[in-house]
>>> print(open('input_23.pdb').read())   # PDB, C-alpha atoms
ATOM      1  CA  MET A 317      21.106   5.384   3.157
ATOM      2  CA  CYS A 318      17.935   4.963   5.218
ATOM      3  CA  SER A 319      15.818   4.853   2.062
ATOM      4  CA  ALA A 320      18.175   2.317   0.477
ATOM      5  CA  GLY A 321      17.970   0.143   3.577
ATOM      6  CA  THR A 322      14.170   0.362   3.655
ATOM      7  CA  PHE A 323      14.026  -0.469  -0.058
ATOM      8  CA  ALA A 324      16.233  -3.542   0.379
ATOM      9  CA  LEU A 325      14.319  -4.703   3.463
ATOM     10  CA  SER A 326      10.993  -4.269   1.676
ATOM     11  CA  LEU A 327      12.157  -6.340  -1.284
ATOM     12  CA  TRP A 328      13.485  -9.070   1.006
ATOM     13  CA  ILE A 329      10.246  -9.313   2.993
ATOM     14  CA  PHE A 330       8.164  -9.390  -0.180
ATOM     15  CA  ALA A 331      10.363 -12.130  -1.648
ATOM     16  CA  GLU A 332       9.926 -14.193   1.519
ATOM     17  CA  MET A 333       6.155 -13.734   1.456
ATOM     18  CA  ALA A 334       5.923 -14.473  -2.268
ATOM     19  CA  ASP A 335       7.967 -17.644  -1.868
ATOM     20  CA  ASP A 336       5.943 -19.087   1.011
ATOM     21  CA  ALA A 337       2.530 -17.463   1.495
ATOM     22  CA  PRO A 338       0.714 -18.425  -1.753
ATOM     23  CA  GLN A 339       1.669 -22.066  -1.098
ATOM     24  CA  GLY A 340      -0.031 -21.906   2.295
ATOM     25  CA  ASP A 341       3.079 -22.122   4.482
ATOM     26  CA  TYR A 342       1.567 -19.715   7.027
ATOM     27  CA  LEU A 343      -2.054 -20.765   6.535
ATOM     28  CA  ALA A 344      -2.777 -22.201   9.988
ATOM     29  CA  GLY A 345      -1.462 -19.144  11.802
ATOM     30  CA  GLU A 346      -3.133 -16.743   9.387
ATOM     31  CA  GLU A 347      -6.506 -18.414   9.809
ATOM     32  CA  ARG A 348      -6.146 -18.091  13.585
ATOM     33  CA  ILE A 349      -5.539 -14.356  13.151
ATOM     34  CA  LEU A 350      -8.607 -13.989  10.929
ATOM     35  CA  ARG A 351     -10.765 -15.865  13.457
ATOM     36  CA  ALA A 352      -9.379 -13.679  16.243
ATOM     37  CA  PHE A 353     -11.165 -10.699  14.643
ATOM     38  CA  ARG A 354     -14.522 -12.515  14.922
ATOM     39  CA  HIS A 355     -16.735 -13.698  17.751
ATOM     40  CA  PRO A 356     -15.943 -17.374  18.456
ATOM     41  CA  ASP A 357     -19.618 -18.374  18.435
ATOM     42  CA  ASP A 358     -20.421 -16.453  15.229
ATOM     43  CA  LEU A 359     -17.627 -15.967  12.684
ATOM     44  CA  ALA A 360     -19.843 -13.637  10.659
ATOM     45  CA  THR A 361     -19.778 -11.091  13.487
ATOM     46  CA  PRO A 362     -16.572  -9.051  13.919
ATOM     47  CA  ILE A 363     -15.230  -8.122  17.330
ATOM     48  CA  GLY A 364     -15.537  -4.605  18.668
ATOM     49  CA  PRO A 365     -18.358  -2.056  18.854
ATOM     50  CA  SER A 366     -21.109  -2.019  16.245
ATOM     51  CA  TRP A 367     -19.616   1.022  14.473
ATOM     52  CA  LEU A 368     -16.194  -0.568  13.918
ATOM     53  CA  PRO A 369     -17.093  -2.460  10.698
ATOM     54  CA  HIS A 370     -18.317   0.830   9.199
ATOM     55  CA  VAL A 371     -15.008   2.484  10.104
ATOM     56  CA  ALA A 372     -13.115  -0.460   8.605
ATOM     57  CA  ARG A 373     -15.029  -0.088   5.339
ATOM     58  CA  ASP A 374     -14.325   3.659   5.310
ATOM     59  CA  LEU A 375     -10.622   2.975   5.844
ATOM     60  CA  THR A 376     -10.507   0.283   3.185
ATOM     61  CA  ALA A 377     -12.161   2.689   0.717
ATOM     62  CA  MET A 378      -9.186   5.029   1.190
ATOM     63  CA  GLY A 379      -7.055   2.377  -0.516
ATOM     64  CA  GLY A 380      -9.554   1.624  -3.256
ATOM     65  CA  PRO A 381      -8.975   2.470  -6.922
ATOM     66  CA  ALA A 382     -11.704   5.144  -7.064
ATOM     67  CA  VAL A 383     -10.322   7.170  -4.144
ATOM     68  CA  LEU A 384      -6.690   6.775  -5.177
ATOM     69  CA  VAL A 385      -7.383   7.716  -8.798
ATOM     70  CA  LEU A 386      -9.333  10.811  -7.738
ATOM     71  CA  LEU A 387      -6.559  11.759  -5.311
ATOM     72  CA  THR A 388      -3.877  11.240  -7.950
ATOM     73  CA  VAL A 389      -5.768  13.299 -10.529
ATOM     74  CA  ALA A 390      -6.332  16.102  -8.016
ATOM     75  CA  VAL A 391      -2.693  16.171  -6.895
ATOM     76  CA  THR A 392      -1.214  15.984 -10.397
ATOM     77  CA  SER A 393      -3.576  18.718 -11.610
ATOM     78  CA  PHE A 394      -2.545  20.945  -8.707
ATOM     79  CA  LEU A 395       1.146  20.300  -9.376
ATOM     80  CA  LEU A 396       0.714  21.106 -13.066
ATOM     81  CA  LEU A 397      -1.035  24.367 -12.174
ATOM     82  CA  CYS A 398       1.942  25.189  -9.942
ATOM     83  CA  GLY A 399       4.340  24.502 -12.802
ATOM     84  CA  ARG A 400       5.835  21.411 -11.152
ATOM     85  CA  ARG A 401       5.581  19.136 -14.163
ATOM     86  CA  ARG A 402       8.329  16.733 -13.134
ATOM     87  CA  THR A 403       6.717  16.133  -9.734
ATOM     88  CA  ALA A 404       3.294  15.717 -11.341
ATOM     89  CA  LEU A 405       4.764  13.149 -13.708
ATOM     90  CA  LEU A 406       6.319  11.298 -10.758
ATOM     91  CA  VAL A 407       2.963  11.027  -8.958
ATOM     92  CA  ALA A 408       1.160   9.885 -12.106
ATOM     93  CA  LEU A 409       3.800   7.320 -13.102
ATOM     94  CA  ALA A 410       4.169   6.005  -9.554
ATOM     95  CA  THR A 411       0.426   5.418  -9.312
ATOM     96  CA  LEU A 412      -0.043   3.948 -12.797
ATOM     97  CA  GLY A 413       3.095   1.852 -12.477
ATOM     98  CA  GLY A 414       2.019   0.648  -9.039
ATOM     99  CA  LEU A 415      -1.388  -0.339 -10.415
ATOM    100  CA  GLY A 416       0.188  -2.246 -13.286
ATOM    101  CA  LEU A 417       2.643  -3.958 -10.955
ATOM    102  CA  SER A 418      -0.144  -4.903  -8.549
ATOM    103  CA  LEU A 419      -2.187  -6.511 -11.324
ATOM    104  CA  ALA A 420       0.871  -8.352 -12.640
ATOM    105  CA  LEU A 421       1.752  -9.706  -9.198
ATOM    106  CA  LYS A 422      -1.825 -10.805  -8.538
ATOM    107  CA  SER A 423      -1.771 -12.697 -11.815
ATOM    108  CA  ALA A 424       1.650 -14.247 -11.166
ATOM    109  CA  TYR A 425       0.925 -15.289  -7.578
ATOM    110  CA  TYR A 426      -2.720 -16.275  -7.897
ATOM    111  CA  ARG A 427      -4.215 -17.008  -4.481
ATOM    112  CA  GLU A 428      -7.810 -17.552  -3.449
ATOM    113  CA  ARG A 429      -9.384 -15.210  -0.923
ATOM    114  CA  PRO A 430      -9.714 -16.442   2.673
ATOM    115  CA  THR A 431     -12.707 -18.676   3.305
ATOM    116  CA  VAL A 432     -12.256 -19.303   7.031
ATOM    117  CA  VAL A 433     -14.479 -16.290   7.877
ATOM    118  CA  PRO A 434     -17.302 -14.600   5.932
ATOM    119  CA  HIS A 435     -16.240 -11.518   3.997
ATOM    120  CA  LEU A 436     -17.607  -8.194   5.234
ATOM    121  CA  THR A 437     -17.118  -6.529   1.851
ATOM    122  CA  ILE A 438     -17.327  -7.809  -1.716
ATOM    123  CA  GLU A 439     -14.090  -8.651  -3.551
ATOM    124  CA  THR A 440     -13.575 -10.609  -6.766
ATOM    125  CA  SER A 441      -9.858 -10.407  -7.585
ATOM    126  CA  SER A 442      -7.135 -12.725  -6.317
ATOM    127  CA  SER A 443      -5.728 -12.291  -2.837
ATOM    128  CA  PHE A 444      -1.921 -12.013  -3.096
ATOM    129  CA  PRO A 445      -0.655  -9.359  -2.722
ATOM    130  CA  SER A 446      -3.266  -6.996  -1.299
ATOM    131  CA  GLY A 447      -3.883  -4.348  -3.938
ATOM    132  CA  HIS A 448      -5.351  -1.919  -1.413
ATOM    133  CA  SER A 449      -2.273  -2.235   0.818
ATOM    134  CA  MET A 450       0.138  -1.934  -2.084
ATOM    135  CA  LEU A 451      -1.473   1.009  -3.850
ATOM    136  CA  SER A 452      -2.096   2.926  -0.625
ATOM    137  CA  SER A 453       1.590   2.500   0.211
ATOM    138  CA  VAL A 454       2.538   3.737  -3.257
ATOM    139  CA  VAL A 455       0.262   6.780  -3.347
ATOM    140  CA  TYR A 456       0.384   7.990   0.249
ATOM    141  CA  LEU A 457       4.095   7.348   0.669
ATOM    142  CA  THR A 458       4.910   9.083  -2.617
ATOM    143  CA  LEU A 459       2.848  12.104  -1.576
ATOM    144  CA  GLY A 460       4.360  12.046   1.908
ATOM    145  CA  VAL A 461       7.903  12.051   0.500
ATOM    146  CA  ILE A 462       7.079  14.852  -1.955
ATOM    147  CA  VAL A 463       5.656  17.092   0.762
ATOM    148  CA  ALA A 464       8.447  16.172   3.180
ATOM    149  CA  ARG A 465      11.056  17.409   0.689
ATOM    150  CA  THR A 466       9.544  20.873   0.900
ATOM    151  CA  MET A 467       9.976  20.983   4.687
ATOM    152  CA  GLN A 468      13.093  22.234   6.466
ATOM    153  CA  LYS A 469      12.799  20.568   9.866
ATOM    154  CA  ARG A 470      13.728  16.899  10.138
ATOM    155  CA  ARG A 471      10.953  16.161  12.637
ATOM    156  CA  THR A 472       8.391  17.515  10.176
ATOM    157  CA  LYS A 473       9.764  15.283   7.436
ATOM    158  CA  VAL A 474       9.658  12.271   9.754
ATOM    159  CA  PHE A 475       6.085  13.076  10.768
ATOM    160  CA  LEU A 476       4.864  13.317   7.162
ATOM    161  CA  VAL A 477       6.446  10.049   6.062
ATOM    162  CA  SER A 478       5.308   8.322   9.268
ATOM    163  CA  ALA A 479       1.770   9.580   8.708
ATOM    164  CA  ALA A 480       1.811   8.101   5.194
ATOM    165  CA  PHE A 481       2.958   4.750   6.560
ATOM    166  CA  PHE A 482       0.293   4.908   9.275
ATOM    167  CA  VAL A 483      -2.514   5.496   6.773
ATOM    168  CA  ALA A 484      -1.309   2.544   4.691
ATOM    169  CA  PHE A 485      -1.080   0.459   7.868
ATOM    170  CA  LEU A 486      -4.693   1.199   8.820
ATOM    171  CA  ILE A 487      -5.898   0.397   5.308
ATOM    172  CA  GLY A 488      -4.068  -2.937   5.335
ATOM    173  CA  LEU A 489      -5.358  -3.776   8.808
ATOM    174  CA  SER A 490      -8.904  -3.093   7.642
ATOM    175  CA  ARG A 491      -8.485  -5.708   4.896
ATOM    176  CA  VAL A 492      -7.701  -8.397   7.459
ATOM    177  CA  TYR A 493     -10.485  -7.205   9.780
ATOM    178  CA  LEU A 494     -12.984  -7.424   6.914
ATOM    179  CA  GLY A 495     -11.811 -10.970   6.199
ATOM    180  CA  VAL A 496     -10.874 -10.417   2.561
ATOM    181  CA  HIS A 497      -7.110 -10.856   2.921
ATOM    182  CA  TYR A 498      -4.642 -13.007   4.782
ATOM    183  CA  PRO A 499      -2.071 -11.057   6.852
ATOM    184  CA  SER A 500       0.692 -12.173   4.468
ATOM    185  CA  ASP A 501      -1.232 -10.646   1.547
ATOM    186  CA  VAL A 502      -1.251  -7.318   3.346
ATOM    187  CA  LEU A 503       2.413  -7.508   4.387
ATOM    188  CA  ALA A 504       3.379  -8.316   0.799
ATOM    189  CA  GLY A 505       1.296  -5.379  -0.432
ATOM    190  CA  TRP A 506       2.880  -2.974   2.046
ATOM    191  CA  THR A 507       6.432  -4.015   1.189
ATOM    192  CA  ALA A 508       5.928  -4.123  -2.586
ATOM    193  CA  GLY A 509       4.244  -0.717  -2.517
ATOM    194  CA  THR A 510       6.926   0.788  -0.314
ATOM    195  CA  ALA A 511       9.702  -0.542  -2.542
ATOM    196  CA  TRP A 512       7.996   0.832  -5.662
ATOM    197  CA  ALA A 513       7.387   4.262  -4.091
ATOM    198  CA  LEU A 514      11.011   4.506  -2.943
ATOM    199  CA  PHE A 515      12.243   3.431  -6.384
ATOM    200  CA  CYS A 516      10.142   6.094  -8.118
ATOM    201  CA  SER A 517      11.294   8.747  -5.643
ATOM    202  CA  ALA A 518      14.938   7.786  -6.176
ATOM    203  CA  VAL A 519      14.568   8.006  -9.954
ATOM    204  CA  ALA A 520      12.883  11.398  -9.645
ATOM    205  CA  ALA A 521      15.735  12.670  -7.457
ATOM    206  CA  TRP A 522      18.400  11.219  -9.774
ATOM    207  CA  ILE A 523      17.117  12.798 -13.008
ATOM    208  CA  PRO A 524      17.737  16.462 -12.077
ATOM    209  CA  ARG A 525      21.153  15.613 -10.616
ATOM    210  CA  ARG A 526      22.124  13.861 -13.838
ATOM    211  CA  ALA A 527      20.850  16.801 -15.898
ATOM    212  CA  THR A 528      22.920  19.208 -13.789
ATOM    213  CA  ALA A 529      26.017  17.023 -14.126
ATOM    214  CA  ASN A 530      25.587  17.011 -17.918
ATOM    215  CA  GLY A 531      25.253  20.777 -17.987
ATOM    216  CA  GLN A 532      21.618  20.726 -19.061
TER     217      GLN A 532
END
>>> encode(input="input_23.pdb", output="structure tokens")
Amino acid sequence: MCSAGTFALSLWIFAEMADDAPQGDYLAGEERILRAFRHPDDLATPIGPSWLPHVARDLTAMGGPAVLVLLTVAVTSFLLLCGRRRTALLVALATLGGLGLSLALKSAYYRERPTVVPHLTIETSSSFPSGHSMLSSVVYLTLGVIVARTMQKRRTKVFLVSAAFFVAFLIGLSRVYLGVHYPSDVLAGWTAGTAWALFCSAVAAWIPRRATANGQ
């Protein structure tokens, strides 16, 4: 029930963002947020200690295609070695499907990158939704749910899923800090990625139940 509620809420939030954000309905407020991460007298200089931009780039790399592909390959290979082919297939399909969905959404809701502050990292694709936020939600949440299902204690399950959400949160926050995404891009990425991960997990849980019911 909790997963169904989270899935429905994620879809609703994404739909709201997709309906309003690309048209600039939140633009004034979003530009204020982006400027708030920079020094007022020099928008090219981010707030915080000198090491913080380096940390932000490290965090954003955790949601990049190279890291997520390597992680997915490593996890699926490990699962195959353990004989867990169905789980390996889930991870692979969730990631590949999430990537395809992200590209499709970026094409459908084309939005220019923010220009109110200088970018602190190079990006060339469209802005809505944030691919880093979406794919990190897909991959880390899928892995968190898979590992959580092997745990007995509820608090351990909650910790694992919460940790996955927290990693995705930090990655999304880094995109705004670096000036390459509007907050609505990131929120849309989080919610779309969460909805996709929950959908894939539900399908993976439904298949063995259906096979059992059919006597297979």
>>> resolve_selection(input="input_23.pdb", expression="the PyMOL selection byres ((chain A and resi 417) around 12)", output="ChimeraX atom specification")
/A:409-416,418-425,445-447,450-451,454,505,508-509,511-513
>>> residues_near_point(input="input_23.pdb", point="(-7.8, -4.1, 3.5)", cutoff="8 Å", atoms="only C-alpha atoms", output="PDB file with C-alpha atoms, in the coordinates of the input")
ATOM      1  CA  LEU A 375     -10.622   2.975   5.844  1.00  0.00           C
ATOM      2  CA  THR A 376     -10.507   0.283   3.185  1.00  0.00           C
ATOM      3  CA  GLY A 379      -7.055   2.377  -0.516  1.00  0.00           C
ATOM      4  CA  SER A 446      -3.266  -6.996  -1.299  1.00  0.00           C
ATOM      5  CA  HIS A 448      -5.351  -1.919  -1.413  1.00  0.00           C
ATOM      6  CA  SER A 449      -2.273  -2.235   0.818  1.00  0.00           C
ATOM      7  CA  ILE A 487      -5.898   0.397   5.308  1.00  0.00           C
ATOM      8  CA  GLY A 488      -4.068  -2.937   5.335  1.00  0.00           C
ATOM      9  CA  LEU A 489      -5.358  -3.776   8.808  1.00  0.00           C
ATOM     10  CA  SER A 490      -8.904  -3.093   7.642  1.00  0.00           C
ATOM     11  CA  ARG A 491      -8.485  -5.708   4.896  1.00  0.00           C
ATOM     12  CA  VAL A 492      -7.701  -8.397   7.459  1.00  0.00           C
ATOM     13  CA  TYR A 493     -10.485  -7.205   9.780  1.00  0.00           C
ATOM     14  CA  LEU A 494     -12.984  -7.424   6.914  1.00  0.00           C
ATOM     15  CA  VAL A 496     -10.874 -10.417   2.561  1.00  0.00           C
ATOM     16  CA  HIS A 497      -7.110 -10.856   2.921  1.00  0.00           C
ATOM     17  CA  VAL A 502      -1.251  -7.318   3.346  1.00  0.00           C
TER      18      VAL A 502
END
>>> closest_residue(input="input_23.pdb", among="A:Tyr498, A:Tyr456, A:Phe485, A:Phe475", to="Ser442 (chain A)", atoms="only C-alpha atoms")
A:Tyr498
>>> atom_distance(input="input_23.pdb", atom1="CA of Ile329 (chain A)", atom2="CA of Phe481 (chain A)")
16.2 Å
>>> closest_residue(input="input_23.pdb", among="A:Thr472, A:Ser443, A:Thr458, A:Thr403", to="Pro499 (chain A)", atoms="only C-alpha atoms")
A:Ser443
>>> residues_around(input="input_23.pdb", residues="Gly364 (chain A)", least_positions_apart="5", cutoff="10 Å", atoms="all atoms listed in the file", output="MDAnalysis selection string")
chainID A and resid 353:355 369
>>> atom_distance(input="input_23.pdb", atom1="CA of Met467 (chain A)", atom2="CA of Ala408 (chain A)")
22.0 Å
>>> closest_residue(input="input_23.pdb", among="A:Ala480, A:Val391, A:Gly495, A:Leu406", to="Ala352 (chain A)", atoms="only C-alpha atoms")
A:Gly495
>>> atom_distance(input="input_23.pdb", atom1="CA of Ser500 (chain A)", atom2="CA of Pro365 (chain A)")
25.9 Å
>>> closest_residue(input="input_23.pdb", among="A:Ile438, A:Ala382, A:Leu327, A:Val389", to="Leu405 (chain A)", atoms="all atoms listed in the file")
A:Val389
>>> resolve_selection(input="input_23.pdb", expression="the PyMOL selection byres ((chain A and resi 339) around 12)", output="list in words")
Glu332, Met333, Ala334, Asp335, Asp336, Ala337, Pro338, Gly340, Asp341, Tyr342, Leu343, Ala344, Tyr425, Tyr426, Arg427, Glu428, Phe444 and Ser500 of chain A
>>> axis_aligned_box(input="input_23.pdb", around="region 317-326 of chain A", padding_each_side="8 Å", output="AutoDock Vina command-line options")
--center_x 16.0 --center_y 0.3 --center_z 2.6 --size_x 26.1 --size_y 26.1 --size_z 21.3
>>> closest_residue(input="input_23.pdb", among="A:Leu514, A:Leu386, A:Ala464, A:Val519", to="Phe323 (chain A)", atoms="only C-alpha atoms")
A:Leu514
>>> build_atoms(input="input_23.pdb", residues="region 468-488 of chain A", atoms="N, CA and C atoms", output="PDB file, in the coordinates of the input")
ATOM      1  N   GLN A 468      11.722  22.009   6.010  1.00  0.00           N
ATOM      2  CA  GLN A 468      13.093  22.234   6.466  1.00  0.00           C
ATOM      3  C   GLN A 468      13.448  21.387   7.685  1.00  0.00           C
ATOM      4  N   LYS A 469      12.512  21.266   8.616  1.00  0.00           N
ATOM      5  CA  LYS A 469      12.799  20.568   9.866  1.00  0.00           C
ATOM      6  C   LYS A 469      12.704  19.058   9.690  1.00  0.00           C
ATOM      7  N   ARG A 470      13.684  18.354  10.261  1.00  0.00           N
ATOM      8  CA  ARG A 470      13.728  16.899  10.138  1.00  0.00           C
ATOM      9  C   ARG A 470      12.506  16.256  10.791  1.00  0.00           C
ATOM     10  N   ARG A 471      12.081  16.772  11.938  1.00  0.00           N
ATOM     11  CA  ARG A 471      10.953  16.161  12.637  1.00  0.00           C
ATOM     12  C   ARG A 471       9.668  16.283  11.824  1.00  0.00           C
ATOM     13  N   THR A 472       9.553  17.361  11.048  1.00  0.00           N
ATOM     14  CA  THR A 472       8.391  17.515  10.176  1.00  0.00           C
ATOM     15  C   THR A 472       8.430  16.496   9.054  1.00  0.00           C
ATOM     16  N   LYS A 473       9.609  16.285   8.480  1.00  0.00           N
ATOM     17  CA  LYS A 473       9.764  15.283   7.436  1.00  0.00           C
ATOM     18  C   LYS A 473       9.404  13.896   7.963  1.00  0.00           C
ATOM     19  N   VAL A 474       9.918  13.578   9.155  1.00  0.00           N
ATOM     20  CA  VAL A 474       9.658  12.271   9.754  1.00  0.00           C
ATOM     21  C   VAL A 474       8.161  12.094  10.010  1.00  0.00           C
ATOM     22  N   PHE A 475       7.521  13.153  10.498  1.00  0.00           N
ATOM     23  CA  PHE A 475       6.085  13.076  10.768  1.00  0.00           C
ATOM     24  C   PHE A 475       5.301  12.789   9.494  1.00  0.00           C
ATOM     25  N   LEU A 476       5.608  13.481   8.409  1.00  0.00           N
ATOM     26  CA  LEU A 476       4.864  13.317   7.162  1.00  0.00           C
ATOM     27  C   LEU A 476       5.007  11.906   6.598  1.00  0.00           C
ATOM     28  N   VAL A 477       6.230  11.402   6.579  1.00  0.00           N
ATOM     29  CA  VAL A 477       6.446  10.049   6.062  1.00  0.00           C
ATOM     30  C   VAL A 477       5.806   9.012   6.989  1.00  0.00           C
ATOM     31  N   SER A 478       5.922   9.241   8.304  1.00  0.00           N
ATOM     32  CA  SER A 478       5.308   8.322   9.268  1.00  0.00           C
ATOM     33  C   SER A 478       3.791   8.315   9.130  1.00  0.00           C
ATOM     34  N   ALA A 479       3.213   9.490   8.893  1.00  0.00           N
ATOM     35  CA  ALA A 479       1.770   9.580   8.708  1.00  0.00           C
ATOM     36  C   ALA A 479       1.334   8.792   7.480  1.00  0.00           C
ATOM     37  N   ALA A 480       2.124   8.860   6.416  1.00  0.00           N
ATOM     38  CA  ALA A 480       1.811   8.101   5.194  1.00  0.00           C
ATOM     39  C   ALA A 480       1.845   6.607   5.476  1.00  0.00           C
ATOM     40  N   PHE A 481       2.871   6.161   6.189  1.00  0.00           N
ATOM     41  CA  PHE A 481       2.958   4.750   6.560  1.00  0.00           C
ATOM     42  C   PHE A 481       1.772   4.342   7.436  1.00  0.00           C
ATOM     43  N   PHE A 482       1.373   5.225   8.350  1.00  0.00           N
ATOM     44  CA  PHE A 482       0.293   4.908   9.275  1.00  0.00           C
ATOM     45  C   PHE A 482      -1.033   4.748   8.540  1.00  0.00           C
ATOM     46  N   VAL A 483      -1.288   5.610   7.574  1.00  0.00           N
ATOM     47  CA  VAL A 483      -2.514   5.496   6.773  1.00  0.00           C
ATOM     48  C   VAL A 483      -2.524   4.165   6.024  1.00  0.00           C
ATOM     49  N   ALA A 484      -1.398   3.820   5.405  1.00  0.00           N
ATOM     50  CA  ALA A 484      -1.309   2.544   4.691  1.00  0.00           C
ATOM     51  C   ALA A 484      -1.473   1.370   5.649  1.00  0.00           C
ATOM     52  N   PHE A 485      -0.942   1.511   6.861  1.00  0.00           N
ATOM     53  CA  PHE A 485      -1.080   0.459   7.868  1.00  0.00           C
ATOM     54  C   PHE A 485      -2.547   0.234   8.229  1.00  0.00           C
ATOM     55  N   LEU A 486      -3.278   1.317   8.458  1.00  0.00           N
ATOM     56  CA  LEU A 486      -4.693   1.199   8.820  1.00  0.00           C
ATOM     57  C   LEU A 486      -5.504   0.576   7.684  1.00  0.00           C
ATOM     58  N   ILE A 487      -5.191   0.959   6.456  1.00  0.00           N
ATOM     59  CA  ILE A 487      -5.898   0.397   5.308  1.00  0.00           C
ATOM     60  C   ILE A 487      -5.642  -1.108   5.215  1.00  0.00           C
ATOM     61  N   GLY A 488      -4.392  -1.512   5.374  1.00  0.00           N
ATOM     62  CA  GLY A 488      -4.068  -2.937   5.335  1.00  0.00           C
ATOM     63  C   GLY A 488      -4.730  -3.700   6.464  1.00  0.00           C
TER      64      GLY A 488
END
